[in-house]
file run_17.tsv (TSV, C-alpha atoms)
chain	number	residue	atom	x	y	z
U	30	MET	CA	20.14	8.16	5.44
U	31	ALA	CA	18.73	7.65	1.98
U	32	THR	CA	15.22	6.81	0.92
U	33	PHE	CA	15.28	3.38	-0.75
U	34	ILE	CA	13.14	2.52	-3.78
U	35	PHE	CA	12.38	-1.18	-4.19
U	36	THR	CA	11.18	-2.25	-7.63
U	37	HIS	CA	11.67	-4.92	-10.29
U	38	ASP	CA	10.95	-5.33	-13.99
U	39	ASP	CA	8.87	-8.42	-13.18
U	40	CYS	CA	6.18	-6.04	-11.93
U	41	LEU	CA	5.83	-4.73	-15.49
U	42	GLN	CA	5.13	-8.25	-16.77
U	43	HIS	CA	1.80	-8.61	-14.93
U	44	ASP	CA	-0.49	-8.29	-17.96
U	45	THR	CA	-4.12	-7.53	-17.16
U	46	GLY	CA	-5.31	-7.37	-20.78
U	47	PRO	CA	-6.61	-4.63	-23.08
U	48	GLY	CA	-8.48	-1.80	-21.39
U	49	HIS	CA	-7.83	-2.91	-17.82
U	50	PRO	CA	-7.08	0.11	-15.59
U	51	GLU	CA	-4.41	-1.71	-13.57
U	52	SER	CA	-1.90	-1.78	-16.41
U	53	ARG	CA	1.89	-1.64	-16.61
U	54	GLN	CA	1.60	1.99	-17.75
U	55	ARG	CA	0.84	2.86	-14.12
U	56	LEU	CA	4.24	1.68	-12.95
U	57	ASP	CA	5.96	3.05	-16.04
U	58	ALA	CA	4.62	6.50	-15.09
U	59	VAL	CA	5.84	6.17	-11.52
U	60	LEU	CA	9.31	4.97	-12.45
U	61	ALA	CA	9.76	7.66	-15.11
U	62	ALA	CA	8.77	10.36	-12.64
U	63	LEU	CA	11.15	9.09	-9.97
U	64	ARG	CA	14.05	9.02	-12.46
U	65	ALA	CA	13.95	12.83	-12.72
U	66	PRO	CA	17.15	14.63	-11.65
U	67	GLU	CA	15.63	15.94	-8.41
U	68	PHE	CA	15.39	12.34	-7.19
U	69	GLY	CA	19.04	11.56	-7.85
U	70	ALA	CA	19.67	10.88	-4.15
U	71	LEU	CA	17.27	7.94	-4.07
U	72	ARG	CA	18.87	4.54	-3.61
U	73	TRP	CA	17.40	2.03	-6.04
U	74	GLU	CA	17.19	-1.60	-4.91
U	75	GLU	CA	16.08	-4.70	-6.82
U	76	ALA	CA	13.09	-6.27	-5.14
U	77	PRO	CA	13.77	-9.91	-4.28
U	78	LEU	CA	11.21	-12.64	-4.78
U	79	GLY	CA	9.12	-13.11	-1.67
U	80	SER	CA	8.99	-16.47	0.07
U	81	MET	CA	6.07	-18.77	0.72
U	82	GLU	CA	6.73	-18.34	4.43
U	83	GLN	CA	6.26	-14.58	4.12
U	84	VAL	CA	3.05	-14.91	2.11
U	85	GLN	CA	1.54	-17.54	4.40
U	86	ARG	CA	1.83	-15.34	7.47
U	87	VAL	CA	-1.22	-13.57	6.03
U	88	HIS	CA	-2.76	-15.88	3.42
U	89	ASP	CA	-4.12	-19.39	3.83
U	90	ALA	CA	-1.85	-22.05	2.34
U	91	SER	CA	-4.78	-23.41	0.31
U	92	TYR	CA	-5.42	-19.98	-1.21
U	93	VAL	CA	-1.75	-19.46	-2.05
U	94	GLU	CA	-1.64	-22.85	-3.76
U	95	ALA	CA	-4.83	-22.04	-5.67
U	96	VAL	CA	-3.24	-18.83	-6.96
U	97	ARG	CA	-0.11	-20.69	-8.00
U	98	ARG	CA	-2.17	-23.31	-9.84
U	99	THR	CA	-4.23	-20.64	-11.58
U	100	SER	CA	-1.11	-19.05	-13.08
U	101	PRO	CA	-1.48	-19.61	-16.87
U	102	ARG	CA	1.21	-20.47	-19.39
U	103	ASP	CA	-0.48	-18.12	-21.84
U	104	GLY	CA	-3.52	-15.90	-21.97
U	105	TYR	CA	-5.47	-14.77	-18.95
U	106	ARG	CA	-7.32	-16.34	-16.05
U	107	LEU	CA	-9.51	-14.68	-13.41
U	108	LEU	CA	-9.03	-15.08	-9.66
U	109	ASP	CA	-12.37	-13.49	-8.77
U	110	ALA	CA	-15.68	-12.59	-10.35
U	111	GLY	CA	-14.31	-10.14	-12.83
U	112	ASP	CA	-11.32	-7.86	-12.37
U	113	THR	CA	-8.37	-9.65	-10.71
U	114	VAL	CA	-6.46	-11.11	-13.63
U	115	MET	CA	-3.58	-13.56	-13.83
U	116	SER	CA	-1.26	-13.76	-16.83
U	117	PRO	CA	1.99	-15.71	-17.27
U	118	GLY	CA	3.92	-12.88	-15.57
U	119	THR	CA	1.60	-12.40	-12.60
U	120	TRP	CA	3.06	-14.92	-10.15
U	121	ASN	CA	6.55	-13.41	-10.27
U	122	ALA	CA	5.10	-9.90	-10.11
U	123	VAL	CA	3.11	-10.56	-6.93
U	124	MET	CA	6.05	-12.36	-5.34
U	125	ARG	CA	8.24	-9.33	-6.13
U	126	CYS	CA	5.62	-7.15	-4.40
U	127	VAL	CA	5.93	-9.35	-1.31
U	128	GLY	CA	9.71	-9.43	-1.50
U	129	ALA	CA	9.93	-5.66	-1.93
U	130	ALA	CA	7.75	-4.97	1.11
U	131	CYS	CA	9.67	-7.37	3.34
U	132	ALA	CA	13.09	-6.17	2.10
U	133	ALA	CA	11.96	-2.60	2.74
U	134	VAL	CA	11.08	-3.51	6.32
U	135	ASP	CA	14.50	-5.14	6.73
U	136	ALA	CA	16.30	-2.06	5.39
U	137	VAL	CA	14.39	0.36	7.59
U	138	VAL	CA	14.44	-1.69	10.80
U	139	LEU	CA	18.13	-2.54	10.48
U	140	GLY	CA	18.96	1.13	9.89
U	141	ASP	CA	20.27	0.83	6.34
U	142	ALA	CA	17.53	3.09	4.95
U	143	GLY	CA	15.99	6.24	6.30
U	144	ASN	CA	12.66	5.05	4.90
U	145	ALA	CA	11.52	3.12	1.82
U	146	PHE	CA	8.99	3.16	-0.99
U	147	CYS	CA	7.98	0.03	-2.90
U	148	ALA	CA	7.30	0.93	-6.55
U	149	THR	CA	5.58	-2.33	-7.38
U	150	ARG	CA	2.33	-3.64	-8.84
U	151	PRO	CA	-0.28	-5.04	-8.59
U	152	CYS	CA	-1.70	-3.39	-5.49
U	153	GLY	CA	-2.56	-5.53	-2.49
U	154	HIS	CA	-4.83	-3.95	0.11
U	155	HIS	CA	-8.07	-5.64	-1.01
U	156	ALA	CA	-6.63	-9.18	-0.81
U	157	GLU	CA	-8.01	-11.06	2.19
U	158	SER	CA	-6.53	-14.15	3.78
U	159	ASP	CA	-8.36	-16.50	1.43
U	160	ARG	CA	-9.40	-14.50	-1.63
U	161	ALA	CA	-8.32	-12.06	-4.30
U	162	MET	CA	-10.29	-8.87	-4.82
U	163	GLY	CA	-10.12	-5.57	-6.65
U	164	PHE	CA	-6.96	-6.19	-8.73
U	165	CYS	CA	-5.15	-7.49	-5.58
U	166	VAL	CA	-3.65	-10.98	-5.17
U	167	PHE	CA	-1.43	-10.87	-2.05
U	168	ASN	CA	-1.61	-8.17	0.61
U	169	GLN	CA	1.95	-6.86	0.75
U	170	ALA	CA	1.27	-4.20	3.42
U	171	ALA	CA	-0.12	-6.80	5.83
U	172	ILE	CA	2.65	-9.24	4.92
U	173	ALA	CA	5.25	-6.56	5.65
U	174	ALA	CA	3.70	-5.93	9.08
U	175	LEU	CA	3.82	-9.59	10.08
U	176	HIS	CA	7.34	-9.90	8.67
U	177	ALA	CA	8.39	-7.10	11.01
U	178	ARG	CA	6.84	-8.96	13.91
U	179	HIS	CA	8.17	-12.43	13.17
U	180	VAL	CA	11.65	-11.54	11.90
U	181	HIS	CA	12.48	-8.36	13.83
U	182	GLY	CA	10.46	-8.81	17.00
U	183	LEU	CA	8.42	-5.62	16.66
U	184	LYS	CA	5.07	-5.82	18.39
U	185	ARG	CA	2.98	-2.74	17.62
U	186	ILE	CA	2.71	-2.08	13.88
U	187	ALA	CA	0.40	0.31	12.05
U	188	VAL	CA	-0.79	0.57	8.47
U	189	VAL	CA	-2.30	3.85	7.26
U	190	ASP	CA	-4.11	3.68	3.91
U	191	PHE	CA	-5.13	6.78	1.93
U	192	ASP	CA	-6.22	5.00	-1.25
U	193	VAL	CA	-9.65	6.04	-2.57
U	194	HIS	CA	-10.90	2.51	-1.80
U	195	HIS	CA	-11.14	1.00	1.66
U	196	GLY	CA	-8.39	-1.52	2.38
U	197	ASN	CA	-10.74	-4.31	3.41
U	198	GLY	CA	-8.04	-6.97	3.14
U	199	THR	CA	-5.71	-5.23	5.56
U	200	GLN	CA	-8.55	-4.58	7.98
U	201	HIS	CA	-9.57	-8.24	7.69
U	202	CYS	CA	-6.06	-9.26	8.76
U	203	PHE	CA	-5.65	-6.67	11.55
U	204	GLU	CA	-9.03	-6.19	13.21
U	205	GLY	CA	-8.72	-9.14	15.61
U	206	ASP	CA	-5.22	-8.26	16.86
U	207	ALA	CA	-4.97	-5.36	19.32
U	208	ASP	CA	-1.27	-4.88	18.55
U	209	LEU	CA	-1.97	-4.12	14.88
U	210	PHE	CA	-3.50	-0.78	13.84
U	211	PHE	CA	-5.29	-0.10	10.59
U	212	GLY	CA	-6.41	3.38	9.59
U	213	SER	CA	-8.11	4.21	6.30
U	214	SER	CA	-9.49	7.31	4.64
U	215	HIS	CA	-11.59	6.38	1.62
U	216	GLN	CA	-14.54	7.34	-0.53
U	217	SER	CA	-17.89	6.02	0.70
U	218	PRO	CA	-20.22	4.71	-0.56
U	219	PHE	CA	-17.83	3.05	-2.98
U	220	TYR	CA	-16.12	-0.27	-3.72
U	221	PRO	CA	-15.70	-2.58	-1.80
U	222	GLY	CA	-18.53	-1.44	0.46
U	223	THR	CA	-16.64	-1.81	3.74
U	224	GLY	CA	-14.98	0.77	5.97
U	225	ALA	CA	-17.81	2.21	8.07
U	226	ARG	CA	-16.92	4.20	11.16
U	227	ALA	CA	-18.55	1.50	13.28
U	228	GLU	CA	-15.88	-1.00	12.18
U	229	ARG	CA	-13.51	-0.45	15.11
U	230	GLY	CA	-11.58	-3.68	15.64
U	231	VAL	CA	-11.17	-5.57	18.90
U	232	ALA	CA	-9.56	-2.68	20.76
U	233	GLY	CA	-10.36	0.42	18.76
U	234	ASN	CA	-7.39	-0.55	16.64
U	235	VAL	CA	-9.27	0.15	13.39
U	236	VAL	CA	-10.05	3.74	12.41
U	237	ASN	CA	-12.13	4.34	9.29
U	238	ILE	CA	-12.74	7.78	7.84
U	239	PRO	CA	-15.35	7.45	5.07
U	240	LEU	CA	-15.45	10.49	2.77
U	241	PRO	CA	-18.36	11.49	0.52
U	242	ARG	CA	-17.79	11.88	-3.18
U	243	GLY	CA	-16.20	15.23	-4.01
U	244	THR	CA	-14.29	15.57	-0.73
U	245	GLY	CA	-11.17	17.70	-1.15
U	246	SER	CA	-8.20	19.01	0.77
U	247	ALA	CA	-9.80	20.91	3.64
U	248	THR	CA	-12.09	18.12	4.86
U	249	PHE	CA	-9.47	15.41	4.34
U	250	ARG	CA	-6.83	17.28	6.31
U	251	GLN	CA	-9.20	18.24	9.13
U	252	LEU	CA	-10.44	14.69	9.63
U	253	MET	CA	-6.91	13.31	9.57
U	254	ARG	CA	-5.84	15.89	12.17
U	255	ASP	CA	-8.88	15.33	14.38
U	256	GLU	CA	-9.30	11.56	14.12
U	257	MET	CA	-6.61	9.53	12.38
U	258	LEU	CA	-3.44	11.12	13.72
U	259	PRO	CA	-4.57	11.26	17.38
U	260	ALA	CA	-5.63	7.60	17.25
U	261	LEU	CA	-2.29	6.66	15.71
U	262	ARG	CA	-0.43	8.58	18.42
U	263	ARG	CA	-2.38	6.76	21.12
U	264	PHE	CA	-1.48	3.45	19.49
U	265	ALA	CA	2.23	4.45	19.41
U	266	PRO	CA	3.47	2.12	16.66
U	267	GLU	CA	7.00	0.76	16.47
U	268	LEU	CA	6.77	0.72	12.66
U	269	LEU	CA	4.50	2.65	10.31
U	270	ILE	CA	3.55	1.18	6.92
U	271	ILE	CA	1.76	3.36	4.38
U	272	SER	CA	-0.61	1.90	1.81
U	273	ALA	CA	0.01	4.69	-0.68
U	274	GLY	CA	-2.81	4.78	-3.19
U	275	PHE	CA	-3.13	7.85	-5.40
U	276	ASP	CA	-6.59	7.26	-6.86
U	277	ALA	CA	-8.15	9.85	-4.54
U	278	HIS	CA	-6.35	12.39	-6.75
U	279	GLU	CA	-8.60	14.94	-8.43
U	280	LEU	CA	-7.44	13.69	-11.86
U	281	ASP	CA	-8.23	10.02	-11.27
U	282	PRO	CA	-10.85	8.58	-13.65
U	283	LEU	CA	-12.04	5.82	-11.28
U	284	GLY	CA	-12.25	7.73	-8.02
U	285	GLY	CA	-14.49	10.57	-6.94
U	286	LEU	CA	-12.39	12.50	-4.42
U	287	ALA	CA	-10.41	15.66	-5.09
U	288	PHE	CA	-7.01	15.34	-3.43
U	289	THR	CA	-4.05	17.28	-4.83
U	290	ASP	CA	-0.32	16.60	-4.97
U	291	ASP	CA	0.03	18.93	-1.97
U	292	ASP	CA	-2.34	16.75	0.06
U	293	TYR	CA	-0.10	13.73	-0.48
U	294	ALA	CA	2.95	15.74	0.54
U	295	TRP	CA	1.11	17.00	3.63
U	296	ILE	CA	-0.10	13.63	4.89
U	297	THR	CA	3.33	12.11	4.27
U	298	ARG	CA	4.98	14.82	6.36
U	299	GLU	CA	2.43	14.32	9.14
U	300	LEU	CA	3.00	10.56	9.19
U	301	LEU	CA	6.78	10.99	9.16
U	302	ALA	CA	6.57	13.36	12.13
U	303	LEU	CA	4.47	10.85	14.02
U	304	ALA	CA	6.89	8.06	13.17
U	305	ARG	CA	9.76	10.15	14.53
U	306	GLU	CA	7.84	10.51	17.80
U	307	HIS	CA	6.90	6.88	18.30
U	308	ALA	CA	8.52	4.54	15.77
U	309	GLY	CA	12.15	5.59	15.60
U	310	ALA	CA	11.30	7.22	12.22
U	311	ARG	CA	10.71	3.75	10.71
U	312	VAL	CA	8.42	4.16	7.68
U	313	VAL	CA	7.79	1.80	4.77
U	314	SER	CA	5.43	2.80	1.95
U	315	THR	CA	4.01	0.54	-0.73
U	316	LEU	CA	2.17	1.58	-3.88
U	317	GLU	CA	-1.54	0.82	-4.07
U	318	GLY	CA	-3.99	2.34	-6.59
U	319	GLY	CA	-3.90	5.29	-8.98
U	320	TYR	CA	-5.26	5.22	-12.52
U	321	SER	CA	-4.44	8.62	-14.00
U	322	ALA	CA	-0.86	8.65	-15.27
U	323	GLN	CA	-0.56	12.34	-14.45
U	324	GLY	CA	-2.25	12.05	-11.06
U	325	LEU	CA	-0.27	8.95	-10.15
U	326	ALA	CA	3.06	10.50	-11.12
U	327	GLY	CA	2.23	13.76	-9.37
U	328	GLY	CA	0.99	12.13	-6.18
U	329	THR	CA	3.88	9.67	-6.04
U	330	THR	CA	6.55	12.30	-6.56
U	331	ALA	CA	4.99	14.50	-3.86
U	332	HIS	CA	4.95	11.51	-1.50
U	333	VAL	CA	8.53	10.39	-2.25
U	334	ARG	CA	9.84	13.96	-2.14
U	335	ALA	CA	8.46	14.22	1.40
U	336	LEU	CA	9.98	10.84	2.31
U	337	MET	CA	13.38	12.09	1.12
U	338	GLN	CA	13.06	15.16	3.31
U	339	GLY	CA	12.48	12.82	6.24

call {"tool": "encode", "arguments": {"input": "run_17.tsv", "output": "structure tokens"}}
result
Amino acid sequence: MATFIFTHDDCLQHDTGPGHPESRQRLDAVLAALRAPEFGALRWEEAPLGSMEQVQRVHDASYVEAVRRTSPRDGYRLLDAGDTVMSPGTWNAVMRCVGAACAAVDAVVLGDAGNAFCATRPCGHHAESDRAMGFCVFNQAAIAALHARHVHGLKRIAVVDFDVHHGNGTQHCFEGDADLFFGSSHQSPFYPGTGARAERGVAGNVVNIPLPRGTGSATFRQLMRDEMLPALRRFAPELLIISAGFDAHELDPLGGLAFTDDDYAWITRELLALAREHAGARVVSTLEGGYSAQGLAGGTTAHVRALMQG
């Protein structure tokens, strides 16, 4: 079965203003790279608009309404203290992110897709139930997990996050529910200041692997083999969601880790193998960070190439 790509032009209309690192050029780079001839077997799908029901499985209704009210008719407005921006195109963009993630779950769980990648922006893993953070408005990975539970009856769902930043929003949503697993490798100390090893969740269902600045392939792979993958096998998820951030790439100007394209291919293959063992090969991936056009394109193509190989 084919790898599905869910995307929509609305995600290009989220305007963060001059000089902001989370710009439309990020997604332009990803889409251009995935249009190369070697990716001709991908099946491209238009991301639908998400629903309020989907969003409110994770986010407080009062927060969702506050975001909607903040949406400007022109110019920019901030949702947090400084870097999460709303423009006239933001509301539709974030609802496409939600719709893409949920439609990807539908396609994978119903057997229409072999796996799926959501080429959408803005990223989502910092968004908590009641607040925006770090360029993130709604947490599409967490929303996808609860969609799988409420619509498809899956119980044990895992999110693995290899973005350079800790996915505090996803952890915030998952840590109190023993049937949800969150695993994160991330630079530490670094924004947002969470993700210590001691943060374990209610049933050891949270696994954090903080990495010092400069960490590269060998240490990353060893820690994933020794800690993350065994914990994920013990959890035995029915669905695996990947928060695929590429800002740990050695070329990224905001991060301080030294991952390569090959590292993203390797971890994708490892997660696919685990999903074949425990989750009926059900894998959904959603784009998170990445702020070097070259690093983002290289990491994404390595990741999607591995998804296509199954």

call {"tool": "atom_distance", "arguments": {"input": "run_17.tsv", "atom1": "atom CA of Leu209 of chain U", "atom2": "atom CA of Ala95 of chain U"}}
result
27.4 Å

call {"tool": "closest_residue", "arguments": {"input": "run_17.tsv", "among": "U:Val236, U:Leu269, U:Ala294, U:Val188", "to": "Arg250 of chain U", "atoms": "only C-alpha atoms"}}
result
U:Ala294

call {"tool": "closest_residue", "arguments": {"input": "run_17.tsv", "among": "U:Ile296, U:Ser116, U:Leu280, U:Asp290", "to": "Gly104 of chain U", "atoms": "all atoms listed in the file"}}
result
U:Ser116

call {"tool": "closest_residue", "arguments": {"input": "run_17.tsv", "among": "U:Met257, U:Leu63, U:Leu71, U:Ala133", "to": "Cys147 of chain U", "atoms": "only C-alpha atoms"}}
result
U:Ala133

call {"tool": "atom_distance", "arguments": {"input": "run_17.tsv", "atom1": "atom CA of Leu240 of chain U", "atom2": "atom CA of Phe288 of chain U"}}
result
11.5 Å

call {"tool": "residues_around", "arguments": {"input": "run_17.tsv", "residues": "Gln169 of chain U", "least_positions_apart": "3", "cutoff": "6 Å", "atoms": "all atoms listed in the file", "output": "list of chain:residue names"}}
result
U:Val127, U:Gly153, U:Ile172, U:Ala173

call {"tool": "closest_residue", "arguments": {"input": "run_17.tsv", "among": "U:His278, U:Arg262, U:His154, U:Arg311", "to": "Thr329 of chain U", "atoms": "all atoms listed in the file"}}
result
U:His278

call {"tool": "atom_distance", "arguments": {"input": "run_17.tsv", "atom1": "atom CA of Ala260 of chain U", "atom2": "atom CA of Trp295 of chain U"}}
result
17.9 Å

call {"tool": "residues_around", "arguments": {"input": "run_17.tsv", "residues": "Ala273 of chain U", "least_positions_apart": "5", "cutoff": "9 Å", "atoms": "all atoms listed in the file", "output": "ChimeraX atom specification"}}
result
/U:189-192,314-318,329,332

call {"tool": "closest_residue", "arguments": {"input": "run_17.tsv", "among": "U:Pro266, U:Gly309, U:Pro77, U:Gly140", "to": "Cys40 of chain U", "atoms": "only C-alpha atoms"}}
result
U:Pro77

call {"tool": "closest_residue", "arguments": {"input": "run_17.tsv", "among": "U:Glu75, U:Asp276, U:Asp255, U:Asp292", "to": "Tyr320 of chain U", "atoms": "all atoms listed in the file"}}
result
U:Asp276

call {"tool": "residues_around", "arguments": {"input": "run_17.tsv", "residues": "Thr149 of chain U", "least_positions_apart": "4", "cutoff": "12 Å", "atoms": "only C-alpha atoms", "output": "PyMOL selection string"}}
result
chain U and resi 34-43+51-60+74-77+121-130+133+153+169-170+272-274+314-318

call {"tool": "residues_around", "arguments": {"input": "run_17.tsv", "residues": "Glu256 of chain U", "least_positions_apart": "6", "cutoff": "12 Å", "atoms": "all atoms listed in the file", "output": "number ranges by chain"}}
result
U: 212-214, 226, 235-239, 248-250, 262-263

call {"tool": "residues_around", "arguments": {"input": "run_17.tsv", "residues": "Ala156 of chain U", "least_positions_apart": "5", "cutoff": "6 Å", "atoms": "all atoms listed in the file", "output": "PyMOL selection string"}}
result
chain U and resi 161-162+165-168+198

call {"tool": "write_last_selection", "arguments": {"input": "run_17.tsv", "atoms": "C-alpha atoms", "output": "short mmCIF file (atom, residue, chain, number, x, y, z; two decimals), in the frame of the given file"}}
result
data_model
loop_
_atom_site.label_atom_id
_atom_site.label_comp_id
_atom_site.auth_asym_id
_atom_site.auth_seq_id
_atom_site.Cartn_x
_atom_site.Cartn_y
_atom_site.Cartn_z
CA ALA U 161 -8.32 -12.06 -4.30
CA MET U 162 -10.29 -8.87 -4.82
CA CYS U 165 -5.15 -7.49 -5.58
CA VAL U 166 -3.65 -10.98 -5.17
CA PHE U 167 -1.43 -10.87 -2.05
CA ASN U 168 -1.61 -8.17 0.61
CA GLY U 198 -8.04 -6.97 3.14
#

call {"tool": "residues_near_point", "arguments": {"input": "run_17.tsv", "point": "(18.0, 12.2, 12.7)", "cutoff": "10 Å", "atoms": "only C-alpha atoms", "output": "PyMOL selection string"}}
result
chain U and resi 30+143+305+309-310+339

call {"tool": "build_atoms", "arguments": {"input": "run_17.tsv", "residues": "segment 222-233 of chain U", "atoms": "N, CA and C atoms", "output": "mmCIF file, in the coordinates of the input"}}
result
data_model
loop_
_atom_site.group_PDB
_atom_site.id
_atom_site.type_symbol
_atom_site.label_atom_id
_atom_site.label_comp_id
_atom_site.auth_asym_id
_atom_site.auth_seq_id
_atom_site.Cartn_x
_atom_site.Cartn_y
_atom_site.Cartn_z
ATOM 1 N N GLY U 222 -17.342 -1.479 -0.368
ATOM 2 C CA GLY U 222 -18.530 -1.440 0.460
ATOM 3 C C GLY U 222 -18.269 -1.605 1.944
ATOM 4 N N THR U 223 -17.016 -1.705 2.331
ATOM 5 C CA THR U 223 -16.640 -1.810 3.740
ATOM 6 C C THR U 223 -16.056 -0.480 4.196
ATOM 7 N N GLY U 224 -15.662 -0.410 5.468
ATOM 8 C CA GLY U 224 -14.980 0.770 5.970
ATOM 9 C C GLY U 224 -15.868 1.772 6.673
ATOM 10 N N ALA U 225 -16.954 1.320 7.295
ATOM 11 C CA ALA U 225 -17.810 2.210 8.070
ATOM 12 C C ALA U 225 -17.112 2.615 9.368
ATOM 13 N N ARG U 226 -17.508 3.750 9.896
ATOM 14 C CA ARG U 226 -16.920 4.200 11.160
ATOM 15 C C ARG U 226 -17.131 3.193 12.283
ATOM 16 N N ALA U 227 -18.237 2.458 12.226
ATOM 17 C CA ALA U 227 -18.550 1.500 13.280
ATOM 18 C C ALA U 227 -17.610 0.298 13.297
ATOM 19 N N GLU U 228 -16.848 0.102 12.234
ATOM 20 C CA GLU U 228 -15.880 -1.000 12.180
ATOM 21 C C GLU U 228 -14.632 -0.547 12.939
ATOM 22 N N ARG U 229 -14.499 -1.002 14.193
ATOM 23 C CA ARG U 229 -13.510 -0.450 15.110
ATOM 24 C C ARG U 229 -12.429 -1.432 15.543
ATOM 25 N N GLY U 230 -12.560 -2.697 15.192
ATOM 26 C CA GLY U 230 -11.580 -3.680 15.640
ATOM 27 C C GLY U 230 -11.811 -4.093 17.073
ATOM 28 N N VAL U 231 -10.972 -5.011 17.558
ATOM 29 C CA VAL U 231 -11.170 -5.570 18.900
ATOM 30 C C VAL U 231 -10.827 -4.595 20.012
ATOM 31 N N ALA U 232 -10.018 -3.593 19.719
ATOM 32 C CA ALA U 232 -9.560 -2.680 20.760
ATOM 33 C C ALA U 232 -9.508 -1.245 20.252
ATOM 34 N N GLY U 233 -10.437 -0.893 19.377
ATOM 35 C CA GLY U 233 -10.360 0.420 18.760
ATOM 36 C C GLY U 233 -9.144 0.582 17.885
#
